[in-house]
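*Asks:* So that we are looking at the same thing, I have put the structure below in structure tokens.
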Amino acid sequence: MKRTELSRKARGQESKFSDQRGSAIVIALFVLALISVFAAYALSRSASEAVSIGNETAEARTLYAAQGSLEMMTRNFNKIFETKLNPTVADRASVENGAVPGLQPDFTFGQTLDQITNSTPKQLSGGPYSGLYAIQDTWRLRTTATDNNSGTQVVLTRNVLNNRIPIFQFGIFYDDDLELFRPPRFSFGGRVHSNRHFFISPGSEGVYFDSRVTATGHIITQTWRN
């Protein structure tokens, strides 16, 4: 009788442990499933962040390239007005077709130059020529930079005002270096402008200007031109 009772207890314990082993498998599978979900989510986030960082890098590179193109267009456009009052069709084409050193062929640029307004009379309200009347033209510089590797595009636009100021509004207008060397007491009421540098060496009684004095270069005092 004792042996029979012991065997029954042993079979009961084995059955109990067998039930527990089944529950452990279910829990292990559930934990593995959760770990798989977290791993898949982490990989997905990593991949999306990598793509996002790549896109931001491409956009930043293309933005810098577009800024470089716009600066080159502005530089080439400004050089035209050193010798001309109005750009010709050939001048405009040279600005639009100008190269952007160091950025090609990695980037492709679509550069356009358009005149928005033409010969509009206007009184200038700011800057060194404030108060003078000018004939104003408005130009628009636009560049479209394309990254040839990623296809990213950036468009930048800049408006440029070209003010043509009639020289009769100046009391003194000089196209070269202007020099005022140790005069007697000198007092001048009109505007003074030099298209290069203005050298002023005042005498003992002083030099006085009642209006604005401007120069394309520098205004230099106490130094002779030579």
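Going by the structure tokens order, chains are called A, B, ..., each with residues numbered from 1, while ligands are numbered from 1 in the order shown.
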DSSP on the backbone: what in stretch 65-199 of chain A comes out strand (DSSP E), as a count of residues only?
*Replies:* 59
*Asks:* Please provide the set of residues having any atom within 8 Å of stretch 117-127 of chain A, restricted to only C-alpha atoms, with same-chain residues fewer than 5 positions apart removed, written as a PyMOL selection string.
*Replies:* chain A and resi 132-139
*Asks:* So that I have them on file, write out the residues from the current selection with all heavy atoms, as a PDB file, in the first residue's frame.
*Replies:*
ATOM      1  N   LEU A 132      18.955 111.932 -52.362  1.00  0.00           N
ATOM      2  CA  LEU A 132      19.182 112.174 -53.780  1.00  0.00           C
ATOM      3  C   LEU A 132      18.129 111.451 -54.618  1.00  0.00           C
ATOM      4  O   LEU A 132      17.551 110.440 -54.194  1.00  0.00           O
ATOM      5  CB  LEU A 132      20.575 111.693 -54.182  1.00  0.00           C
ATOM      6  CG  LEU A 132      21.762 112.413 -53.540  1.00  0.00           C
ATOM      7  CD1 LEU A 132      23.068 111.803 -54.039  1.00  0.00           C
ATOM      8  CD2 LEU A 132      21.731 113.907 -53.814  1.00  0.00           C
ATOM      9  N   TYR A 133      17.906 111.964 -55.806  1.00  0.00           N
ATOM     10  CA  TYR A 133      16.986 111.322 -56.744  1.00  0.00           C
ATOM     11  C   TYR A 133      17.785 110.392 -57.660  1.00  0.00           C
ATOM     12  O   TYR A 133      18.890 110.731 -58.099  1.00  0.00           O
ATOM     13  CB  TYR A 133      16.230 112.362 -57.562  1.00  0.00           C
ATOM     14  CG  TYR A 133      15.181 113.096 -56.758  1.00  0.00           C
ATOM     15  CD1 TYR A 133      15.499 114.275 -56.086  1.00  0.00           C
ATOM     16  CD2 TYR A 133      13.887 112.597 -56.650  1.00  0.00           C
ATOM     17  CE1 TYR A 133      14.545 114.947 -55.333  1.00  0.00           C
ATOM     18  CE2 TYR A 133      12.934 113.262 -55.897  1.00  0.00           C
ATOM     19  CZ  TYR A 133      13.268 114.432 -55.239  1.00  0.00           C
ATOM     20  OH  TYR A 133      12.322 115.086 -54.491  1.00  0.00           O
ATOM     21  N   ALA A 134      17.206 109.235 -57.935  1.00  0.00           N
ATOM     22  CA  ALA A 134      17.882 108.247 -58.754  1.00  0.00           C
ATOM     23  C   ALA A 134      16.895 107.619 -59.727  1.00  0.00           C
ATOM     24  O   ALA A 134      15.683 107.628 -59.504  1.00  0.00           O
ATOM     25  CB  ALA A 134      18.511 107.166 -57.886  1.00  0.00           C
ATOM     26  N   ILE A 135      17.431 107.091 -60.808  1.00  0.00           N
ATOM     27  CA  ILE A 135      16.662 106.287 -61.757  1.00  0.00           C
ATOM     28  C   ILE A 135      16.957 104.838 -61.405  1.00  0.00           C
ATOM     29  O   ILE A 135      18.086 104.363 -61.560  1.00  0.00           O
ATOM     30  CB  ILE A 135      17.059 106.606 -63.206  1.00  0.00           C
ATOM     31  CG1 ILE A 135      16.828 108.086 -63.504  1.00  0.00           C
ATOM     32  CG2 ILE A 135      16.266 105.738 -64.180  1.00  0.00           C
ATOM     33  CD1 ILE A 135      17.358 108.518 -64.856  1.00  0.00           C
ATOM     34  N   GLN A 136      15.952 104.152 -60.902  1.00  0.00           N
ATOM     35  CA  GLN A 136      16.163 102.843 -60.292  1.00  0.00           C
ATOM     36  C   GLN A 136      15.660 101.711 -61.175  1.00  0.00           C
ATOM     37  O   GLN A 136      14.557 101.749 -61.712  1.00  0.00           O
ATOM     38  CB  GLN A 136      15.468 102.789 -58.931  1.00  0.00           C
ATOM     39  CG  GLN A 136      15.773 101.547 -58.116  1.00  0.00           C
ATOM     40  CD  GLN A 136      15.093 101.613 -56.772  1.00  0.00           C
ATOM     41  OE1 GLN A 136      13.964 101.127 -56.617  1.00  0.00           O
ATOM     42  NE2 GLN A 136      15.746 102.212 -55.783  1.00  0.00           N
ATOM     43  N   ASP A 137      16.501 100.690 -61.311  1.00  0.00           N
ATOM     44  CA  ASP A 137      16.120  99.437 -61.968  1.00  0.00           C
ATOM     45  C   ASP A 137      16.156  98.326 -60.922  1.00  0.00           C
ATOM     46  O   ASP A 137      17.031  98.311 -60.047  1.00  0.00           O
ATOM     47  CB  ASP A 137      17.079  99.079 -63.106  1.00  0.00           C
ATOM     48  CG  ASP A 137      17.107 100.158 -64.186  1.00  0.00           C
ATOM     49  OD1 ASP A 137      16.089 100.848 -64.344  1.00  0.00           O
ATOM     50  OD2 ASP A 137      18.149 100.292 -64.850  1.00  0.00           O
ATOM     51  N   THR A 138      15.223  97.391 -61.016  1.00  0.00           N
ATOM     52  CA  THR A 138      15.196  96.251 -60.111  1.00  0.00           C
ATOM     53  C   THR A 138      15.456  94.979 -60.911  1.00  0.00           C
ATOM     54  O   THR A 138      14.766  94.708 -61.894  1.00  0.00           O
ATOM     55  CB  THR A 138      13.841  96.135 -59.385  1.00  0.00           C
ATOM     56  OG1 THR A 138      13.559  97.367 -58.720  1.00  0.00           O
ATOM     57  CG2 THR A 138      13.869  95.015 -58.356  1.00  0.00           C
ATOM     58  N   TRP A 139      16.459  94.231 -60.470  1.00  0.00           N
ATOM     59  CA  TRP A 139      16.832  92.989 -61.131  1.00  0.00           C
ATOM     60  C   TRP A 139      16.647  91.824 -60.158  1.00  0.00           C
ATOM     61  O   TRP A 139      16.839  91.975 -58.957  1.00  0.00           O
ATOM     62  CB  TRP A 139      18.288  93.040 -61.603  1.00  0.00           C
ATOM     63  CG  TRP A 139      18.559  94.104 -62.613  1.00  0.00           C
ATOM     64  CD1 TRP A 139      18.783  95.436 -62.375  1.00  0.00           C
ATOM     65  CD2 TRP A 139      18.617  93.945 -64.028  1.00  0.00           C
ATOM     66  NE1 TRP A 139      18.983  96.114 -63.544  1.00  0.00           N
ATOM     67  CE2 TRP A 139      18.895  95.224 -64.585  1.00  0.00           C
ATOM     68  CE3 TRP A 139      18.473  92.859 -64.887  1.00  0.00           C
ATOM     69  CZ2 TRP A 139      19.032  95.431 -65.948  1.00  0.00           C
ATOM     70  CZ3 TRP A 139      18.611  93.055 -66.248  1.00  0.00           C
ATOM     71  CH2 TRP A 139      18.879  94.333 -66.762  1.00  0.00           C
TER      72      TRP A 139
END
*Asks:* What is the distance, in Å and to one decimal place, between atom CA of A:Asp176 and atom CA of A:His197?
*Replies:*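 Atom CA of A:His197 lies at a distance of 7.4 Å from atom CA of A:Asp176.
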*Asks:* Near stretch 63-67 of chain A, within 10 Å and counting only C-alpha atoms, which residues show up once chain neighbours fewer than 2 positions away are dropped, as a PyMOL selection string?
*Replies:* chain A and resi 57-61+69-73+100+102-104+106-111+142-147+152-157
*Asks:* Counting only C-alpha atoms, give me one row per residue of stretch 97-140 of chain A with an atom at most 10 Å from an atom of stretch 198-220 of chain A, showing the shortest contact pair and its distance in Å to one decimal, sorted by chain then residue number, as CSV.
*Replies:*
residue,atom,partner,partner_atom,distance
A:Pro128,CA,A:Thr214,CA,6.9
A:Tyr129,CA,A:Arg212,CA,8.1
A:Ser130,CA,A:Arg212,CA,9.2
*Asks:* Kindly indicate which residue among A:Gln222, A:Asn163, A:Ser194, A:Gln169 lies nearest to A:Phe81, using only C-alpha atoms for the distances.
*Replies:*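 Of A:Gln222, A:Asn163, A:Ser194, A:Gln169, the one nearest A:Phe81 is A:Asn163, counting only C-alpha atoms.
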*Asks:* DSSP on the backbone, alpha helix (DSSP H) only: what residues of stretch 21-219 of chain A does that give? Format it as a PyMOL selection string.
*Replies:* chain A and resi 21-80+89-96
